[in-house]
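Engineer: If it helps, the file is called protein24.csv and holds CSV, N, CA, C and O atoms:
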```csv
chain,number,residue,atom,x,y,z
A,25,MET,N,10.1,9.2,18.8
A,25,MET,CA,9.7,10.1,17.7
A,25,MET,C,9.2,9.2,16.5
A,25,MET,O,9.8,8.2,16.2
A,26,LYS,N,8.2,9.7,15.9
A,26,LYS,CA,7.5,9.0,14.8
A,26,LYS,C,8.1,9.5,13.5
A,26,LYS,O,8.2,10.7,13.3
A,27,ARG,N,8.5,8.5,12.7
A,27,ARG,CA,9.1,8.9,11.4
A,27,ARG,C,8.0,8.7,10.3
A,27,ARG,O,7.3,7.7,10.2
A,28,GLU,N,7.8,9.8,9.5
A,28,GLU,CA,6.8,9.8,8.4
A,28,GLU,C,7.4,9.0,7.2
A,28,GLU,O,8.6,9.1,6.9
A,29,PRO,N,6.6,8.2,6.5
A,29,PRO,CA,7.1,7.5,5.4
A,29,PRO,C,7.5,8.5,4.3
A,29,PRO,O,6.9,9.5,4.1
A,30,ARG,N,8.5,8.1,3.6
A,30,ARG,CA,9.0,9.0,2.5
A,30,ARG,C,7.9,9.0,1.4
A,30,ARG,O,7.3,8.0,1.1
A,31,SER,N,7.8,10.2,0.8
A,31,SER,CA,6.8,10.3,-0.3
A,31,SER,C,7.4,9.8,-1.5
A,31,SER,O,8.6,9.6,-1.6
A,32,LEU,N,6.6,9.5,-2.5
A,32,LEU,CA,7.1,9.0,-3.8
A,32,LEU,C,7.7,10.1,-4.6
A,32,LEU,O,7.3,11.3,-4.5
A,33,SER,N,8.7,9.8,-5.4
A,33,SER,CA,9.4,10.7,-6.2
A,33,SER,C,8.4,11.1,-7.4
A,33,SER,O,7.4,10.3,-7.6
A,34,ALA,N,8.7,12.1,-8.1
A,34,ALA,CA,7.8,12.5,-9.2
A,34,ALA,C,7.8,11.4,-10.3
A,34,ALA,O,6.7,11.1,-10.8
A,35,ARG,N,8.9,10.7,-10.5
A,35,ARG,CA,8.9,9.6,-11.5
A,35,ARG,C,8.1,8.4,-11.0
A,35,ARG,O,7.4,7.8,-11.8
A,36,GLN,N,8.2,8.1,-9.7
A,36,GLN,CA,7.4,7.0,-9.1
A,36,GLN,C,5.9,7.3,-9.2
A,36,GLN,O,5.1,6.5,-9.6
A,37,GLU,N,5.6,8.6,-9.0
A,37,GLU,CA,4.2,9.0,-9.1
A,37,GLU,C,3.7,8.8,-10.5
A,37,GLU,O,2.6,8.4,-10.8
A,38,ALA,N,4.5,9.2,-11.5
A,38,ALA,CA,4.2,9.1,-12.9
A,38,ALA,C,4.0,7.6,-13.3
A,38,ALA,O,3.0,7.3,-14.0
A,39,VAL,N,4.9,6.7,-12.8
A,39,VAL,CA,4.7,5.3,-13.1
A,39,VAL,C,3.5,4.8,-12.5
A,39,VAL,O,2.7,4.0,-13.1
A,40,MET,N,3.2,5.1,-11.2
A,40,MET,CA,1.9,4.7,-10.6
A,40,MET,C,0.7,5.2,-11.4
A,40,MET,O,-0.3,4.4,-11.5
A,41,ALA,N,0.8,6.4,-11.9
A,41,ALA,CA,-0.4,6.9,-12.6
A,41,ALA,C,-0.6,6.1,-13.9
A,41,ALA,O,-1.7,5.8,-14.3
A,42,VAL,N,0.5,5.7,-14.6
A,42,VAL,CA,0.4,4.9,-15.8
A,42,VAL,C,-0.3,3.5,-15.4
A,42,VAL,O,-1.2,3.1,-16.1
A,43,VAL,N,0.2,2.9,-14.4
A,43,VAL,CA,-0.3,1.6,-14.0
A,43,VAL,C,-1.8,1.7,-13.7
A,43,VAL,O,-2.6,0.9,-14.1
A,44,ARG,N,-2.1,2.8,-12.9
A,44,ARG,CA,-3.5,3.0,-12.5
A,44,ARG,C,-4.4,3.2,-13.7
A,44,ARG,O,-5.5,2.6,-13.9
A,45,SER,N,-4.0,4.1,-14.6
A,45,SER,CA,-4.8,4.4,-15.8
A,45,SER,C,-4.9,3.1,-16.7
A,45,SER,O,-6.0,2.9,-17.3
A,46,TRP,N,-3.9,2.4,-16.8
A,46,TRP,CA,-3.9,1.1,-17.6
A,46,TRP,C,-4.9,0.2,-17.1
A,46,TRP,O,-5.7,-0.4,-17.8
A,47,ILE,N,-4.9,0.0,-15.8
A,47,ILE,CA,-5.8,-0.9,-15.1
A,47,ILE,C,-7.3,-0.5,-15.3
A,47,ILE,O,-8.2,-1.3,-15.6
A,48,ILE,N,-7.5,0.8,-15.2
A,48,ILE,CA,-8.8,1.4,-15.4
A,48,ILE,C,-9.3,1.2,-16.8
A,48,ILE,O,-10.4,0.8,-17.1
A,49,GLU,N,-8.4,1.4,-17.8
A,49,GLU,CA,-8.7,1.2,-19.2
A,49,GLU,C,-8.8,-0.2,-19.6
A,49,GLU,O,-9.7,-0.6,-20.4
A,50,HIS,N,-7.9,-1.1,-19.2
A,50,HIS,CA,-7.8,-2.5,-19.7
A,50,HIS,C,-8.3,-3.6,-18.7
A,50,HIS,O,-8.3,-4.7,-19.0
A,51,GLY,N,-8.5,-3.2,-17.4
A,51,GLY,CA,-8.8,-4.2,-16.4
A,51,GLY,C,-7.5,-4.8,-15.8
A,51,GLY,O,-6.4,-4.5,-16.2
A,52,HIS,N,-7.8,-5.7,-14.9
A,52,HIS,CA,-6.7,-6.3,-14.1
A,52,HIS,C,-6.0,-7.5,-14.8
A,52,HIS,O,-5.1,-8.1,-14.3
A,53,GLY,N,-6.5,-7.9,-16.0
A,53,GLY,CA,-6.0,-9.1,-16.6
A,53,GLY,C,-4.5,-9.1,-16.9
A,53,GLY,O,-3.8,-10.0,-16.8
A,54,HIS,N,-4.0,-7.9,-17.4
A,54,HIS,CA,-2.6,-7.8,-17.9
A,54,HIS,C,-2.2,-6.4,-17.8
A,54,HIS,O,-2.9,-5.5,-18.3
A,55,GLY,N,-1.1,-6.1,-17.1
A,55,GLY,CA,-0.7,-4.7,-16.9
A,55,GLY,C,0.2,-4.2,-18.1
A,55,GLY,O,0.4,-5.0,-19.0
A,56,PRO,N,0.6,-3.0,-18.0
A,56,PRO,CA,1.4,-2.4,-19.1
A,56,PRO,C,2.8,-3.0,-19.1
A,56,PRO,O,3.3,-3.4,-18.1
A,57,THR,N,3.4,-3.1,-20.3
A,57,THR,CA,4.8,-3.6,-20.4
A,57,THR,C,5.8,-2.5,-19.9
A,57,THR,O,5.4,-1.3,-19.8
A,58,ILE,N,7.0,-2.8,-19.7
A,58,ILE,CA,8.0,-1.9,-19.3
A,58,ILE,C,8.1,-0.8,-20.4
A,58,ILE,O,8.2,0.4,-20.1
A,59,ARG,N,8.2,-1.2,-21.6
A,59,ARG,CA,8.3,-0.3,-22.7
A,59,ARG,C,7.1,0.7,-22.8
A,59,ARG,O,7.3,1.9,-23.1
A,60,GLU,N,5.9,0.2,-22.6
A,60,GLU,CA,4.7,1.0,-22.6
A,60,GLU,C,4.7,2.0,-21.5
A,60,GLU,O,4.4,3.2,-21.7
A,61,ILE,N,5.2,1.6,-20.3
A,61,ILE,CA,5.3,2.5,-19.2
A,61,ILE,C,6.4,3.6,-19.5
A,61,ILE,O,6.1,4.8,-19.3
A,62,GLY,N,7.5,3.1,-20.0
A,62,GLY,CA,8.6,4.1,-20.3
A,62,GLY,C,8.1,5.1,-21.4
A,62,GLY,O,8.5,6.3,-21.2
A,63,ALA,N,7.4,4.7,-22.4
A,63,ALA,CA,6.9,5.6,-23.4
A,63,ALA,C,6.0,6.7,-22.8
A,63,ALA,O,6.0,7.8,-23.2
A,64,ARG,N,5.2,6.2,-21.9
A,64,ARG,CA,4.2,7.2,-21.3
A,64,ARG,C,4.8,8.1,-20.3
A,64,ARG,O,4.3,9.2,-20.1
A,65,VAL,N,5.9,7.7,-19.6
A,65,VAL,CA,6.5,8.6,-18.6
A,65,VAL,C,7.8,9.3,-19.1
A,65,VAL,O,8.4,10.1,-18.4
A,66,GLY,N,8.2,9.0,-20.4
A,66,GLY,CA,9.4,9.6,-21.0
A,66,GLY,C,10.7,9.0,-20.6
A,66,GLY,O,11.7,9.7,-20.6
A,67,LEU,N,10.7,7.7,-20.3
A,67,LEU,CA,12.0,7.0,-20.0
A,67,LEU,C,12.2,6.0,-21.2
A,67,LEU,O,11.4,5.2,-21.5
A,68,SER,N,13.4,6.1,-21.8
A,68,SER,CA,13.7,5.2,-22.9
A,68,SER,C,14.4,4.0,-22.4
A,68,SER,O,14.5,3.0,-23.0
A,69,SER,N,15.0,4.1,-21.2
A,69,SER,CA,15.8,3.0,-20.6
A,69,SER,C,14.8,2.0,-19.9
A,69,SER,O,14.2,2.4,-18.9
A,70,THR,N,14.7,0.8,-20.4
A,70,THR,CA,13.9,-0.2,-19.7
A,70,THR,C,14.4,-0.5,-18.3
A,70,THR,O,13.6,-0.8,-17.4
A,71,SER,N,15.7,-0.4,-18.1
A,71,SER,CA,16.2,-0.7,-16.7
A,71,SER,C,15.8,0.4,-15.8
A,71,SER,O,15.6,0.1,-14.6
A,72,SER,N,15.7,1.6,-16.2
A,72,SER,CA,15.2,2.7,-15.3
A,72,SER,C,13.7,2.5,-14.9
A,72,SER,O,13.4,2.7,-13.8
A,73,VAL,N,12.9,2.0,-15.9
A,73,VAL,CA,11.5,1.7,-15.6
A,73,VAL,C,11.4,0.5,-14.6
A,73,VAL,O,10.7,0.6,-13.6
A,74,ALA,N,12.2,-0.5,-14.9
A,74,ALA,CA,12.2,-1.7,-14.0
A,74,ALA,C,12.7,-1.3,-12.6
A,74,ALA,O,12.1,-1.8,-11.6
A,75,TYR,N,13.6,-0.4,-12.5
A,75,TYR,CA,14.1,0.1,-11.2
A,75,TYR,C,12.9,0.8,-10.4
A,75,TYR,O,12.7,0.5,-9.2
A,76,GLN,N,12.2,1.7,-11.1
A,76,GLN,CA,11.1,2.4,-10.5
A,76,GLN,C,10.0,1.4,-10.0
A,76,GLN,O,9.5,1.5,-8.9
A,77,LEU,N,9.7,0.4,-10.9
A,77,LEU,CA,8.7,-0.6,-10.5
A,77,LEU,C,9.2,-1.4,-9.3
A,77,LEU,O,8.4,-1.7,-8.4
A,78,ALA,N,10.5,-1.8,-9.3
A,78,ALA,CA,11.0,-2.5,-8.1
A,78,ALA,C,10.9,-1.7,-6.8
A,78,ALA,O,10.6,-2.3,-5.8
A,79,GLN,N,11.1,-0.4,-6.9
A,79,GLN,CA,11.0,0.4,-5.7
A,79,GLN,C,9.5,0.5,-5.2
A,79,GLN,O,9.3,0.4,-4.0
A,80,LEU,N,8.6,0.6,-6.2
A,80,LEU,CA,7.2,0.6,-5.8
A,80,LEU,C,6.8,-0.8,-5.3
A,80,LEU,O,6.0,-0.8,-4.3
A,81,GLU,N,7.3,-1.8,-5.8
A,81,GLU,CA,7.0,-3.2,-5.2
A,81,GLU,C,7.6,-3.3,-3.8
A,81,GLU,O,6.9,-3.9,-2.9
A,82,LYS,N,8.8,-2.8,-3.6
A,82,LYS,CA,9.4,-2.8,-2.2
A,82,LYS,C,8.5,-2.1,-1.2
A,82,LYS,O,8.4,-2.5,-0.1
A,83,ARG,N,7.9,-1.0,-1.6
A,83,ARG,CA,7.0,-0.2,-0.8
A,83,ARG,C,5.6,-0.9,-0.6
A,83,ARG,O,4.8,-0.4,0.1
A,84,GLY,N,5.3,-1.9,-1.4
A,84,GLY,CA,4.1,-2.6,-1.2
A,84,GLY,C,2.9,-1.9,-2.0
A,84,GLY,O,1.8,-2.2,-1.8
A,85,LEU,N,3.3,-1.1,-2.9
A,85,LEU,CA,2.2,-0.4,-3.7
A,85,LEU,C,1.8,-1.1,-4.9
A,85,LEU,O,0.7,-1.0,-5.4
A,86,ILE,N,2.7,-2.0,-5.4
A,86,ILE,CA,2.3,-2.9,-6.6
A,86,ILE,C,2.9,-4.3,-6.2
A,86,ILE,O,3.7,-4.4,-5.4
A,87,SER,N,2.3,-5.2,-6.9
A,87,SER,CA,2.9,-6.6,-6.8
A,87,SER,C,2.7,-7.2,-8.2
A,87,SER,O,2.1,-6.7,-9.1
A,88,ARG,N,3.4,-8.3,-8.4
A,88,ARG,CA,3.2,-9.0,-9.7
A,88,ARG,C,3.0,-10.5,-9.4
A,88,ARG,O,3.4,-11.1,-8.4
A,89,THR,N,2.2,-11.1,-10.3
A,89,THR,CA,1.9,-12.5,-10.1
A,89,THR,C,2.9,-13.4,-10.8
A,89,THR,O,3.0,-14.6,-10.5
A,90,GLY,N,3.7,-12.9,-11.7
A,90,GLY,CA,4.7,-13.7,-12.4
A,90,GLY,C,6.0,-12.9,-12.4
A,90,GLY,O,6.2,-12.0,-11.7
A,91,ARG,N,6.9,-13.4,-13.2
A,91,ARG,CA,8.2,-12.7,-13.3
A,91,ARG,C,8.2,-11.4,-14.1
A,91,ARG,O,9.0,-10.5,-13.9
A,92,GLU,N,7.3,-11.4,-15.0
A,92,GLU,CA,7.2,-10.2,-15.9
A,92,GLU,C,6.5,-9.0,-15.2
A,92,GLU,O,5.5,-9.2,-14.4
A,93,TRP,N,6.9,-7.8,-15.5
A,93,TRP,CA,6.3,-6.6,-14.9
A,93,TRP,C,4.9,-6.4,-15.4
A,93,TRP,O,4.1,-5.7,-14.8
A,94,SER,N,4.6,-6.9,-16.6
A,94,SER,CA,3.3,-6.8,-17.2
A,94,SER,C,2.2,-7.5,-16.4
A,94,SER,O,1.0,-7.3,-16.6
A,95,SER,N,2.7,-8.3,-15.4
A,95,SER,CA,1.7,-9.0,-14.5
A,95,SER,C,1.5,-8.2,-13.2
A,95,SER,O,0.9,-8.7,-12.3
A,96,CYS,N,2.0,-6.9,-13.2
A,96,CYS,CA,1.8,-6.2,-12.0
A,96,CYS,C,0.4,-5.7,-11.7
A,96,CYS,O,-0.4,-5.6,-12.7
A,97,ARG,N,0.1,-5.5,-10.5
A,97,ARG,CA,-1.2,-5.0,-10.1
A,97,ARG,C,-1.0,-4.1,-8.9
A,97,ARG,O,0.0,-4.2,-8.1
A,98,LEU,N,-2.0,-3.2,-8.6
A,98,LEU,CA,-1.9,-2.3,-7.5
A,98,LEU,C,-2.3,-3.0,-6.2
A,98,LEU,O,-3.1,-3.9,-6.2
A,99,GLU,N,-1.6,-2.6,-5.2
A,99,GLU,CA,-1.9,-3.1,-3.8
A,99,GLU,C,-2.3,-2.0,-2.9
A,99,GLU,O,-1.9,-0.8,-3.1
A,100,SER,N,-3.1,-2.3,-2.0
A,100,SER,CA,-3.5,-1.3,-0.9
A,100,SER,C,-2.3,-1.2,0.0
A,100,SER,O,-1.7,-2.2,0.4
A,101,PRO,N,-1.9,0.0,0.3
A,101,PRO,CA,-0.7,0.1,1.2
A,101,PRO,C,-1.0,-0.5,2.6
A,101,PRO,O,-2.2,-0.4,3.1
A,102,ALA,N,-0.1,-1.1,3.2
A,102,ALA,CA,-0.2,-1.8,4.5
A,102,ALA,C,-0.3,-0.7,5.5
A,102,ALA,O,0.3,0.4,5.4
A,103,PRO,N,-1.2,-0.9,6.6
A,103,PRO,CA,-1.2,0.1,7.6
A,103,PRO,C,0.1,0.1,8.4
A,103,PRO,O,0.9,-0.8,8.3
A,104,PRO,N,0.5,1.3,9.0
A,104,PRO,CA,1.7,1.4,9.6
A,104,PRO,C,1.9,0.4,10.8
A,104,PRO,O,0.9,0.1,11.4
A,105,ARG,N,3.1,-0.1,10.9
A,105,ARG,CA,3.3,-1.1,12.0
A,105,ARG,C,3.4,-0.4,13.3
A,105,ARG,O,4.0,0.7,13.4
A,106,ARG,N,2.9,-1.0,14.3
A,106,ARG,CA,3.0,-0.4,15.6
A,106,ARG,C,3.8,-1.4,16.5
A,106,ARG,O,3.8,-2.6,16.3
A,107,GLY,N,4.4,-0.8,17.5
A,107,GLY,CA,5.2,-1.7,18.5
A,107,GLY,C,6.5,-1.1,18.7
A,107,GLY,O,6.8,0.1,18.4
A,108,LEU,N,7.3,-1.9,19.4
A,108,LEU,CA,8.7,-1.4,19.8
A,108,LEU,C,9.6,-1.4,18.6
A,108,LEU,O,9.6,-2.3,17.7
A,109,ARG,N,10.4,-0.4,18.5
A,109,ARG,CA,11.5,-0.4,17.5
A,109,ARG,C,12.8,-0.8,18.1
A,109,ARG,O,13.1,-0.5,19.2
A,110,SER,N,13.5,-1.6,17.3
A,110,SER,CA,14.8,-2.0,17.8
A,110,SER,C,15.8,-0.8,17.6
A,110,SER,O,15.7,0.0,16.7
A,111,ARG,N,16.8,-0.8,18.4
A,111,ARG,CA,17.8,0.3,18.4
A,111,ARG,C,19.0,-0.1,17.7
A,111,ARG,O,19.5,-1.1,17.6
```
The structure given in the file should be rewritten as C-alpha coordinates.

Structural biologist:
Amino acid sequence: MKREPRSLSARQEAVMAVVRSWIIEHGHGHGPTIREIGARVGLSSTSSVAYQLAQLEKRGLISRTGREWSSCRLESPAPPRRGLRSR
(Lines of atoms letter the chains of each structure in order from A and count residues from 1; the text may use other names and numbers.)
(Lines give C-alpha, C1' and ligand atoms only; values in the text may rest on other atoms or scores of the structure.)
Protein backbone atom coordinates (compact mmCIF):
# COMPACT_ATOMS: atom_id res chain seq x y z
CA MET A 1 0.00 0.00 0.00
CA LYS A 2 1.32 3.42 -0.96
CA ARG A 3 1.29 6.12 1.70
CA GLU A 4 0.67 9.69 0.54
CA PRO A 5 2.91 12.33 2.12
CA ARG A 6 1.18 14.46 4.71
CA SER A 7 0.15 17.85 3.48
CA LEU A 8 1.41 21.00 5.11
CA SER A 9 -0.56 22.59 7.92
CA ALA A 10 -2.12 26.00 7.34
CA ARG A 11 0.60 27.58 9.47
CA GLN A 12 3.38 25.82 7.53
CA GLU A 13 1.78 26.98 4.26
CA ALA A 14 1.75 30.55 5.61
CA VAL A 15 5.43 30.35 6.62
CA MET A 16 6.36 28.96 3.19
CA ALA A 17 4.42 31.78 1.52
CA VAL A 18 6.36 34.38 3.54
CA VAL A 19 9.71 32.79 2.66
CA ARG A 20 8.73 32.57 -1.03
CA SER A 21 7.53 36.17 -1.22
CA TRP A 22 10.61 37.40 0.66
CA ILE A 23 12.92 35.65 -1.80
CA ILE A 24 10.97 37.04 -4.77
CA GLU A 25 11.11 40.53 -3.27
CA HIS A 26 14.69 40.52 -1.90
CA GLY A 27 16.54 37.74 -3.72
CA HIS A 28 18.36 34.73 -2.31
CA GLY A 29 21.04 36.71 -0.48
CA HIS A 30 19.35 36.80 2.91
CA GLY A 31 16.03 35.35 4.08
CA PRO A 32 13.52 36.83 6.50
CA THR A 33 14.26 36.74 10.22
CA ILE A 34 12.15 34.71 12.63
CA ARG A 35 10.54 37.91 13.93
CA GLU A 36 9.71 39.08 10.39
CA ILE A 37 8.12 35.73 9.58
CA GLY A 38 6.19 35.77 12.86
CA ALA A 39 4.89 39.28 12.22
CA ARG A 40 3.65 38.29 8.75
CA VAL A 41 1.93 35.06 9.85
CA GLY A 42 0.58 36.35 13.17
CA LEU A 43 2.87 34.46 15.56
CA SER A 44 4.44 36.44 18.38
CA SER A 45 6.42 33.50 19.76
CA THR A 46 9.78 33.15 18.03
CA SER A 47 10.01 29.55 19.24
CA SER A 48 6.74 28.74 17.42
CA VAL A 49 8.17 30.19 14.20
CA ALA A 50 11.44 28.29 14.69
CA TYR A 51 9.46 25.07 15.23
CA GLN A 52 7.54 25.56 11.96
CA LEU A 53 10.79 26.30 10.10
CA ALA A 54 12.40 23.18 11.59
CA GLN A 55 9.45 21.07 10.41
CA LEU A 56 9.78 22.50 6.90
CA GLU A 57 13.52 21.82 6.98
CA LYS A 58 12.90 18.19 8.05
CA ARG A 59 10.61 17.78 5.05
CA GLY A 60 13.32 19.11 2.75
CA LEU A 61 11.32 22.17 1.67
CA ILE A 62 13.81 24.70 3.01
CA SER A 63 17.44 24.61 4.04
CA ARG A 64 19.81 27.03 5.65
CA THR A 65 23.42 27.78 4.96
CA GLY A 66 24.27 28.82 8.50
CA ARG A 67 22.88 28.52 12.00
CA GLU A 68 20.50 31.44 11.61
CA TRP A 69 17.07 30.96 10.06
CA SER A 70 17.58 34.14 8.06
CA SER A 71 19.98 32.09 5.94
CA CYS A 72 17.15 29.77 4.83
CA ARG A 73 16.32 29.13 1.21
CA LEU A 74 13.75 27.11 -0.68
CA GLU A 75 14.56 23.61 -1.83
CA SER A 76 12.95 21.50 -4.50
CA PRO A 77 11.18 18.59 -2.86
CA ALA A 78 12.99 15.29 -3.35
CA PRO A 79 11.27 12.75 -5.56
CA PRO A 80 9.58 9.92 -3.65
CA ARG A 81 11.89 7.05 -2.71
CA ARG A 82 11.24 3.77 -4.39
CA GLY A 83 12.19 0.33 -3.20
CA LEU A 84 11.49 -2.09 -0.44
CA ARG A 85 10.13 -0.88 2.85
CA SER A 86 11.33 -2.43 6.06
CA ARG A 87 8.71 -3.86 8.34

Engineer: Would you write out, as a tab-separated table, a table of all residues in region 28-56 of chain A that have an atom no more than 8 Å from an atom of region 63-75 of chain A, listing for each the closest atom pair and the distance in Å to one decimal, considering all atoms listed in the file and ordering rows by chain and rising residue number?

Structural biologist:
```
residue	atom	partner	partner_atom	distance
A:Ala34	O	A:Val65	O	7.9
A:Arg35	O	A:Val65	CA	6.9
A:Ala38	O	A:Val65	CA	5.9
A:Val39	N	A:Val65	CA	6.3
A:Val42	CA	A:Arg64	C	7.1
```

Engineer: If I take CA of Gly84 (chain A) and atom O of Arg59 (chain A), how far is one from the other in Å, to one decimal?

Structural biologist: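 Straight-line distance from CA of Gly84 (chain A) to atom O of Arg59 (chain A) works out to 22.6 Å.
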
Engineer: Have a look at CA of Glu60 (chain A) and CA of Ser87 (chain A) and let me know their distance in Å, one decimal.

Structural biologist: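 Rounded to one decimal, the two atoms are 17.6 Å apart.
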
Engineer: Compare A:Glu99, A:Leu80, A:Gly90, A:Leu85 by their minimum atom-to-atom distance to Gln36 (chain A), counting only C-alpha atoms, and give me the closest one.

Structural biologist: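 Among the listed residues, A:Leu80 lies closest to Gln36 (chain A).
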
Engineer: Could you check how far CA of Pro56 (chain A) sits from CA of Thr89 (chain A), in Å to one decimal?

Structural biologist: 13.5 Å

Engineer: Excluding Val43 (chain A) and any residue of its chain fewer than 2 positions from it, enumerate the residues within 8 Å of it, using only N, CA, C and O atoms, and give them as a PyMOL selection string.

Structural biologist: chain A and resi 36-41+45-51+54-56+61+96-98
